[in-house]
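Participant: Handing you a structure now.
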Amino acid sequence: MMRRTLGRSGIEVSAIGMGCWAIGGPFHGADGEPHGWGEVDDEESVRTVHRALELGIDFFDTADVYGAGRSERVLARALAGRREQVVIATKWGNVFDEATKVSDGRGEDPAYLRRAVTASLRRLGTDYIDLYQLHLGDLAIDRAADLLGTLEALVEEGKIRSYGWSTDDPGRADAWGGAGAHCTAIQHDFSLMHGSRPEVLEAAERHGLASVDRGPLAMGLLTGKYRADTRVGPGDVRGGGAPWMVLFEDGRPAPEYLARLDAVREVLTGGGRTLAQGALGWLWAVSDATVPIPGCRTVAQVEDNAGALEHGPLTQEQVEEVERLLAA
């Protein structure tokens, strides 16, 4: 079983985690834009978490806002009686209403941080969080710095074991790289669709932090199940109009990224791998700091992802071939 350490925390996890955004079900912004992945079956979500555990996956990443609290509650139900066997990461910063499932604000100050961690601990049914992550990727660096003292205090109080920032900005990653003693991870959008050595990963490596890789399967494109004429279902964030949604256009895969996938398909599926397993193997091969957290909401999905552990990283020759093909 492949294992990795979360930065300088000493916390060991399976080399692949399970992302829990999708199991939160629908929620949306004040403008009505979907922020979730559509309807979900809580019973299947619980079965999926249990199957992940059976397959050796012990790292689960969620956020308080996913499903407006629902993801944390479902994860707590699935992990009941198994808390000491797993590592739980969650996030804070987005203000939401559990009843209406609307996310319509930001919690940027230390007082909100304390309220948020208390609420997440309650929903998760635990008295500590292993990795607590700031979910406001564009928060000003000086405002983020104001939170460090409270985060270190929460470590001292035993409410969290470590913390990090979910951001795709290398300057912010660098700013927290030399932050408090218990800063241990940067979570960022990272897959072979976005190049092999982005600056955020390099910042994490410089400071000895884990690169927790959000979107390692490019929001599903790297599973191979989406074609040019495929449209996502209602209430799916991939069908919304968010400016960062470049992988999908109007709910369909963007042609540019389908072309990139076709270019590397043969390399990724070499040695009996599925596409998803090849994409995960690529992430492990480009850095020892990477811990991909592909989202799952069915048993079949987690089984496919966990199969990557049997194959391990791609070879250096395969990584170089992927880079050559994408450059072309």
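Identifiers in this document derive from the order of the structure tokens: chains are assigned A, B, ..., residues are numbered from 1 separately in each chain, and ligands are numbered from 1 in order of occurrence.
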If you count only C-alpha atoms, which residues fall within 9 Å of region 94-96 of chain A, apart from same-chain ones fewer than 5 positions away, as an MDAnalysis selection string?

Facilitator: chainID A and resid 29 64:65 68:69 101:108 135:136

Participant: Using only C-alpha atoms, determine which residues lie at most 7 Å from region 5-11 of chain A, disregarding the query and same-chain residues fewer than 3 positions distant; provide the list as an MDAnalysis selection string.

Facilitator: chainID A and resid 162 182 184:185 208:210

Participant: Write a file of the just-selected residues containing N, CA, C and O atoms, as a CSV table (one decimal), in the first residue's frame.

Facilitator:
chain,number,residue,atom,x,y,z
A,162,SER,N,-3.5,20.1,12.3
A,162,SER,CA,-2.7,20.8,11.3
A,162,SER,C,-3.6,21.7,10.5
A,162,SER,O,-4.8,21.5,10.6
A,182,HIS,N,2.5,24.5,12.3
A,182,HIS,CA,1.5,23.5,12.0
A,182,HIS,C,0.9,23.6,10.7
A,182,HIS,O,-0.1,22.9,10.4
A,184,THR,N,0.7,22.7,7.0
A,184,THR,CA,1.3,21.4,6.5
A,184,THR,C,0.9,21.1,5.0
A,184,THR,O,1.4,20.2,4.4
A,185,ALA,N,-0.1,21.9,4.5
A,185,ALA,CA,-0.6,21.5,3.1
A,185,ALA,C,-1.1,22.7,2.4
A,185,ALA,O,-1.6,23.7,2.9
A,208,GLY,N,8.2,22.2,2.1
A,208,GLY,CA,8.0,21.0,2.7
A,208,GLY,C,6.5,20.7,3.1
A,208,GLY,O,6.2,20.0,4.0
A,209,LEU,N,5.6,21.2,2.2
A,209,LEU,CA,4.2,21.1,2.5
A,209,LEU,C,3.7,20.0,1.5
A,209,LEU,O,4.2,19.7,0.5
A,210,ALA,N,2.5,19.4,1.9
A,210,ALA,CA,1.9,18.4,1.0
A,210,ALA,C,1.1,19.2,-0.1
A,210,ALA,O,0.6,20.3,0.2

Participant: Using DSSP on the backbone, list every residue of region 65-294 of chain A that comes out as alpha helix (DSSP H), and give them as number ranges by chain.

Facilitator: A: 70-78, 110-124, 141-145, 148-156, 170-177, 199-206, 255-268, 275-286

Participant: Check the smallest atom-to-atom distance from each of A:Ser287, A:Ser166, A:Ser45, A:Thr126 to Gln316 (chain A) using only C-alpha atoms, then report the winner.

Facilitator: A:Ser287

Participant: Which one of A:Ala80, A:Val237, A:Val46, A:Ala89 sits closest to Ala63 (chain A) if you count only C-alpha atoms?

Facilitator: A:Ala89

Participant: Out of A:Arg82, A:His188, A:Arg252, A:Arg214, which residue has the shortest atom-to-atom distance to Gly233 (chain A) when counting only C-alpha atoms?

Facilitator: A:Arg252

Participant: Hey, which of A:Phe27, A:Ala140, A:Gly17, A:Gly270 ends up closest to Ala99 (chain A)? Count only C-alpha atoms.

Facilitator: A:Phe27

Participant: A:Leu283, A:Ile88, A:Ala204, A:Val322: which is nearest Ile186 (chain A), counting only C-alpha atoms?

Facilitator: A:Ala204

Participant: Under the rule that only C-alpha atoms are counted, which of A:Ile293, A:Leu151, A:Asp236, A:Asp138 is the nearest residue to Val13 (chain A)?

Facilitator: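 That would be A:Ile293, the residue with the smallest distance to Val13 (chain A).
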
Participant: Have a look at CA of Ala306 (chain A) and CA of Met18 (chain A) and let me know their distance in Å, one decimal.

Facilitator: 9.5 Å

Participant: So the first atom is CA of Thr90 (chain A) and the second is CA of Trp37 (chain A); what is the distance between them in Å, to one decimal place?

Facilitator: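 Between CA of Thr90 (chain A) and CA of Trp37 (chain A) the gap is 17.9 Å.
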
Participant: So which residues touch Ala279 (chain A) within 8 Å, counting only C-alpha atoms, skipping near sequence neighbours fewer than 5 positions away, as a list in words?

Facilitator: Ser191, Leu192, Pro216, Leu217, Leu222 and Leu268 of chain A

Participant: Using only all heavy atoms, please write the residues we just selected to a file, as a JSON list (two decimals), in the first residue's frame.

Facilitator:
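Okay, out_2.json is ready:
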[["chain", "number", "residue", "atom", "x", "y", "z"],
["A", 191, "SER", "N", -4.02, 18.56, -12.24],
["A", 191, "SER", "CA", -4.13, 17.34, -13.04],
["A", 191, "SER", "C", -3.27, 17.51, -14.26],
["A", 191, "SER", "O", -2.77, 18.61, -14.54],
["A", 191, "SER", "CB", -5.59, 17.08, -13.45],
["A", 191, "SER", "OG", -5.98, 17.97, -14.49],
["A", 192, "LEU", "N", -3.11, 16.46, -15.03],
["A", 192, "LEU", "CA", -2.26, 16.59, -16.22],
["A", 192, "LEU", "C", -2.88, 17.50, -17.27],
["A", 192, "LEU", "O", -2.22, 17.90, -18.22],
["A", 192, "LEU", "CB", -1.93, 15.21, -16.80],
["A", 192, "LEU", "CG", -3.03, 14.33, -17.38],
["A", 192, "LEU", "CD1", -3.41, 14.69, -18.79],
["A", 192, "LEU", "CD2", -2.57, 12.88, -17.33],
["A", 216, "PRO", "N", -8.01, 15.92, -9.53],
["A", 216, "PRO", "CA", -6.95, 15.17, -10.20],
["A", 216, "PRO", "C", -7.42, 14.43, -11.44],
["A", 216, "PRO", "O", -6.61, 14.05, -12.28],
["A", 216, "PRO", "CB", -6.48, 14.19, -9.12],
["A", 216, "PRO", "CG", -7.70, 13.98, -8.27],
["A", 216, "PRO", "CD", -8.36, 15.33, -8.23],
["A", 217, "LEU", "N", -8.74, 14.25, -11.58],
["A", 217, "LEU", "CA", -9.30, 13.61, -12.77],
["A", 217, "LEU", "C", -10.01, 14.63, -13.65],
["A", 217, "LEU", "O", -10.87, 14.28, -14.46],
["A", 217, "LEU", "CB", -10.24, 12.47, -12.37],
["A", 217, "LEU", "CG", -9.60, 11.35, -11.55],
["A", 217, "LEU", "CD1", -10.60, 10.26, -11.23],
["A", 217, "LEU", "CD2", -8.38, 10.77, -12.28],
["A", 222, "LEU", "N", -10.90, 12.86, -17.11],
["A", 222, "LEU", "CA", -9.86, 11.85, -17.16],
["A", 222, "LEU", "C", -10.36, 10.46, -16.76],
["A", 222, "LEU", "O", -9.56, 9.54, -16.59],
["A", 222, "LEU", "CB", -8.67, 12.28, -16.29],
["A", 222, "LEU", "CG", -7.85, 13.42, -16.89],
["A", 222, "LEU", "CD1", -6.90, 14.02, -15.88],
["A", 222, "LEU", "CD2", -7.10, 12.94, -18.12],
["A", 268, "LEU", "N", -1.48, 6.69, -20.86],
["A", 268, "LEU", "CA", -2.09, 6.55, -19.54],
["A", 268, "LEU", "C", -2.65, 5.15, -19.32],
["A", 268, "LEU", "O", -2.67, 4.66, -18.19],
["A", 268, "LEU", "CB", -3.20, 7.58, -19.35],
["A", 268, "LEU", "CG", -2.78, 9.05, -19.32],
["A", 268, "LEU", "CD1", -3.98, 9.94, -19.05],
["A", 268, "LEU", "CD2", -1.69, 9.30, -18.28]]
